[in-house]
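Asks: This is the structure, below, for whatever I ask next.
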Amino acid sequence: MADPRFFDRAGPFSLATLAELAGATLDANADPEREMVDVGPLHTAGAEEISFFDNRRYGDSLAASAAGACLIRDADTGLAPDDMALLVTETPYLAYARVSRAFYPVPPVEPGIATTAAIDPEATIGPGCRVEPFAVIGARASIGPRCHIGPHAVIGQGVTIGEDVRVGAGCSLGHCVVGSRVRLFAGVRVGEDGFGFATDRDAGDHVDIPQIGRVLIEDDVEIGANSTIDRGAGPDTVIGRGTRIDNLVQIGHNVVLGRGCIVVAQAGISGSTILGDFAVVAAQGGVAGHLKIGAGARIAAKAGVMRDVAEGETVAGAPAVPIKEFFRRVATLSRLSERK
């Protein structure tokens with residue numbers, strides 16, 4: 001059970017209601033009026049809690065579970081205890097996400113502007129917003145309705161933010177246009193200078209190139225804590241709708257991420273690279289500049305990508321190669337080391 005000091009729980013909900021929310025079908029033996037009061041993992045859930053089963057490696061946990069109900073695939077129902085109510089779906093984890101959001105909805109924004117917030121007279125704050133202590137909002141900034149600006153956040157001059165956006169503590173936003181329902185976790189930096197300069201070897205100097213582009217963040221994006229997104233050098237840096245960026249990620253100038261991309265912790269994407277829709281860069285993956293990563297491509301953890309990656313391709317290693325080739329190389333090296 002979640003700690004009530006930090007999380008407010010809704011419910012209880014009947015199994016019939018949860019099945020409807022999850023897009024699942026109740027097993028014939030389940031009582032649709034039976035109520036669940038919470039969600040929980042298989043190994044700790046009790047008789048009034050609902051869990052999920054999405055991986056057969058956890059079959060023992062399912063068999064021993066005391067959970068009152070479980071979201072499960074039809075093919076796996078035979079693994080569940082006889083007294084467990086089953087909500088059958090082909091996507092148990094997605095169904096669990098929907099059920100969890102019912103029990104733990106995002107709290108609504110409580111309107112109010114702290115007296116210590118510094119808001120320029122030329123800034124526009126929409127109705128229903130909350131601005132926390134010591135936040136700074138610059139001239140001509142525009143913030144849409146029901147936004148939450150965290151403590152010590154800085155919204156630079158001219159920045160535009162849509163509806164229902166949440167900006168975490170200590171974030172800084174400049175030279176950017178942010179869509180609606182975007183969430184920026186603590187410490188995110190958006191719109192700083194891109195890493196652009198020309199080297200004058202005769203003078204022994206680096207000459208900075210003005211970074212005169214913006215960052216465009218489309219609707220329903222999440223950006224994790226302490227991640228950084230540089231503004232464009234001329235063209236804009238673009239973060240596509242529904243993209244999820246983990247903590248400690250670096251996005252270079254002029255990068256374009258398509259819809260629904262996933263970039264995992266400590267990954268870095270160099271300038272002017274384009275990722276197609278739903279591409280994935282796993283933890284500590286590094287992508288060189290001026291590349292094209294196709295839609296649905298996957299970059300494995302710690303991979304170093306130095307060439308274009310085709311649509312739907314999975315690559316691994318440094319330099320990155322197709323995943324099957326990578327594992328052939330690993331197997332060959334292993335056999336050679338054993339012989340030695």
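A note on labels: chains of the structure tokens are A, B, ... as shown, every chain counts residues from 1, and ligands are counted from 1 in their shown order.
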Report as a list in words all protein, DNA and RNA residues lying within 8 Å of Phe134 (chain A), evaluated on only C-alpha atoms, omitting residues in the same chain fewer than 3 positions from it.
Replies: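 Near Phe134 (chain A), the qualifying residues are Ala114, Thr116, Ala117, Ala118, Pro151, His152 and Ala153 of chain A.
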Asks: How close does region 75-128 of chain A get to region 29-40 of chain A? List, as JSON lines, each residue of region 75-128 of chain A within 10 Å, its nearest atom pair and the distance in Å to one decimal, counting only C-alpha atoms.
Replies:
{"residue": "A:Asp82", "atom": "CA", "partner": "A:Asn29", "partner_atom": "CA", "distance": 9.4}
{"residue": "A:Asp83", "atom": "CA", "partner": "A:Asn29", "partner_atom": "CA", "distance": 8.8}
{"residue": "A:Met84", "atom": "CA", "partner": "A:Ala30", "partner_atom": "CA", "distance": 8.0}
{"residue": "A:Ala85", "atom": "CA", "partner": "A:Ala30", "partner_atom": "CA", "distance": 4.9}
{"residue": "A:Leu86", "atom": "CA", "partner": "A:Ala30", "partner_atom": "CA", "distance": 6.7}
{"residue": "A:Leu87", "atom": "CA", "partner": "A:Ala30", "partner_atom": "CA", "distance": 8.4}
{"residue": "A:Tyr96", "atom": "CA", "partner": "A:Val39", "partner_atom": "CA", "distance": 8.6}
{"residue": "A:Val99", "atom": "CA", "partner": "A:Val39", "partner_atom": "CA", "distance": 7.9}
{"residue": "A:Ser100", "atom": "CA", "partner": "A:Val39", "partner_atom": "CA", "distance": 6.5}
{"residue": "A:Arg101", "atom": "CA", "partner": "A:Val39", "partner_atom": "CA", "distance": 10.0}
{"residue": "A:Ala102", "atom": "CA", "partner": "A:Asp38", "partner_atom": "CA", "distance": 9.7}
{"residue": "A:Phe103", "atom": "CA", "partner": "A:Asp38", "partner_atom": "CA", "distance": 6.6}
{"residue": "A:Tyr104", "atom": "CA", "partner": "A:Asp38", "partner_atom": "CA", "distance": 9.1}
Asks: Within region 163-233 of chain A, find each residue whose DSSP state, derived from the backbone, is strand (DSSP E), and express the selection as a PyMOL selection string.
Replies: chain A and resi 166-167+172-173+176-178+183-184+189-192+197-200+205-208+215-217+222-223+228-230
Asks: Residues near region 164-173 of chain A, anyone? I mean within 6 Å using only C-alpha atoms, not counting same-chain ones fewer than 5 positions away, as an NGL selection string.
Replies: :A and (146-156 or 180-190)
Asks: Find the residues near region 203-209 of chain A: any atom within 8 Å, counting only C-alpha atoms, skip ones fewer than 6 places away on the same chain, and give them as a ChimeraX atom specification.
Replies: /A:196-197,233
Asks: What would the file look like if the residues just selected were written as a PDB file, in the first residue's frame with C-alpha atoms?
Replies:
ATOM      1  CA  GLY A 196      28.084  25.093 -31.657  1.00  0.00           C
ATOM      2  CA  PHE A 197      31.369  26.806 -32.517  1.00  0.00           C
ATOM      3  CA  ALA A 233      21.276  26.729 -33.981  1.00  0.00           C
TER       4      ALA A 233
END
Asks: What is the CA of Gly174 (chain A)-CA of Thr124 (chain A) distance in Å, reported with one decimal?
Replies: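 Separating CA of Gly174 (chain A) from CA of Thr124 (chain A) is a distance of 15.6 Å.
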Asks: For Val221 (chain A), which residue out of A:Ile72, A:Leu257, A:Ile137, A:Ile251 is the nearest one, using only C-alpha atoms?
Replies: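 Closest to Val221 (chain A), using only C-alpha atoms: A:Leu257.
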Asks: Find the residues near Ala19 (chain A): any atom within 9 Å, counting only C-alpha atoms, skip ones fewer than 2 places away on the same chain, and give them as a list in words.
Replies: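 Listing them by chain and then by number gives Ser14, Leu15, Ala16, Thr17, Leu21, Ala22, Gly23, Ala24, Thr25, Leu26, Pro32, Leu71, Leu87, Val88, Ala95 and Val99 of chain A.
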Asks: If we count only C-alpha atoms and set the cut-off at 12 Å, which residues sit around Asp60 (chain A), ignoring sequence neighbours fewer than 6 positions away in its own chain? Please answer as a list of chain:residue names.
Replies: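 Final neighbour list, sorted by chain and number: A:Leu42, A:His43, A:Phe53, A:Leu79, A:Ala80, A:Pro81.
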Asks: Keeping N, CA and C atoms, export the residues of the selection given above as a tab-separated table (two decimals), in the first residue's frame.
Replies:
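To be explicit, this is the file written out as selection.tsv:
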chain	number	residue	atom	x	y	z
A	42	LEU	N	2.32	-8.85	-7.09
A	42	LEU	CA	1.82	-10.20	-6.79
A	42	LEU	C	2.28	-10.71	-5.43
A	43	HIS	N	3.52	-10.44	-5.05
A	43	HIS	CA	4.06	-11.07	-3.84
A	43	HIS	C	3.62	-10.39	-2.56
A	53	PHE	N	-0.22	-9.94	-14.14
A	53	PHE	CA	0.76	-10.97	-14.51
A	53	PHE	C	1.05	-10.83	-15.99
A	79	LEU	N	-2.52	-20.68	-14.63
A	79	LEU	CA	-1.44	-20.57	-13.65
A	79	LEU	C	-1.90	-19.89	-12.37
A	80	ALA	N	-3.06	-19.28	-12.38
A	80	ALA	CA	-3.52	-18.48	-11.24
A	80	ALA	C	-4.19	-19.36	-10.18
A	81	PRO	N	-4.17	-18.95	-8.91
A	81	PRO	CA	-4.90	-19.67	-7.86
A	81	PRO	C	-6.40	-19.71	-8.16
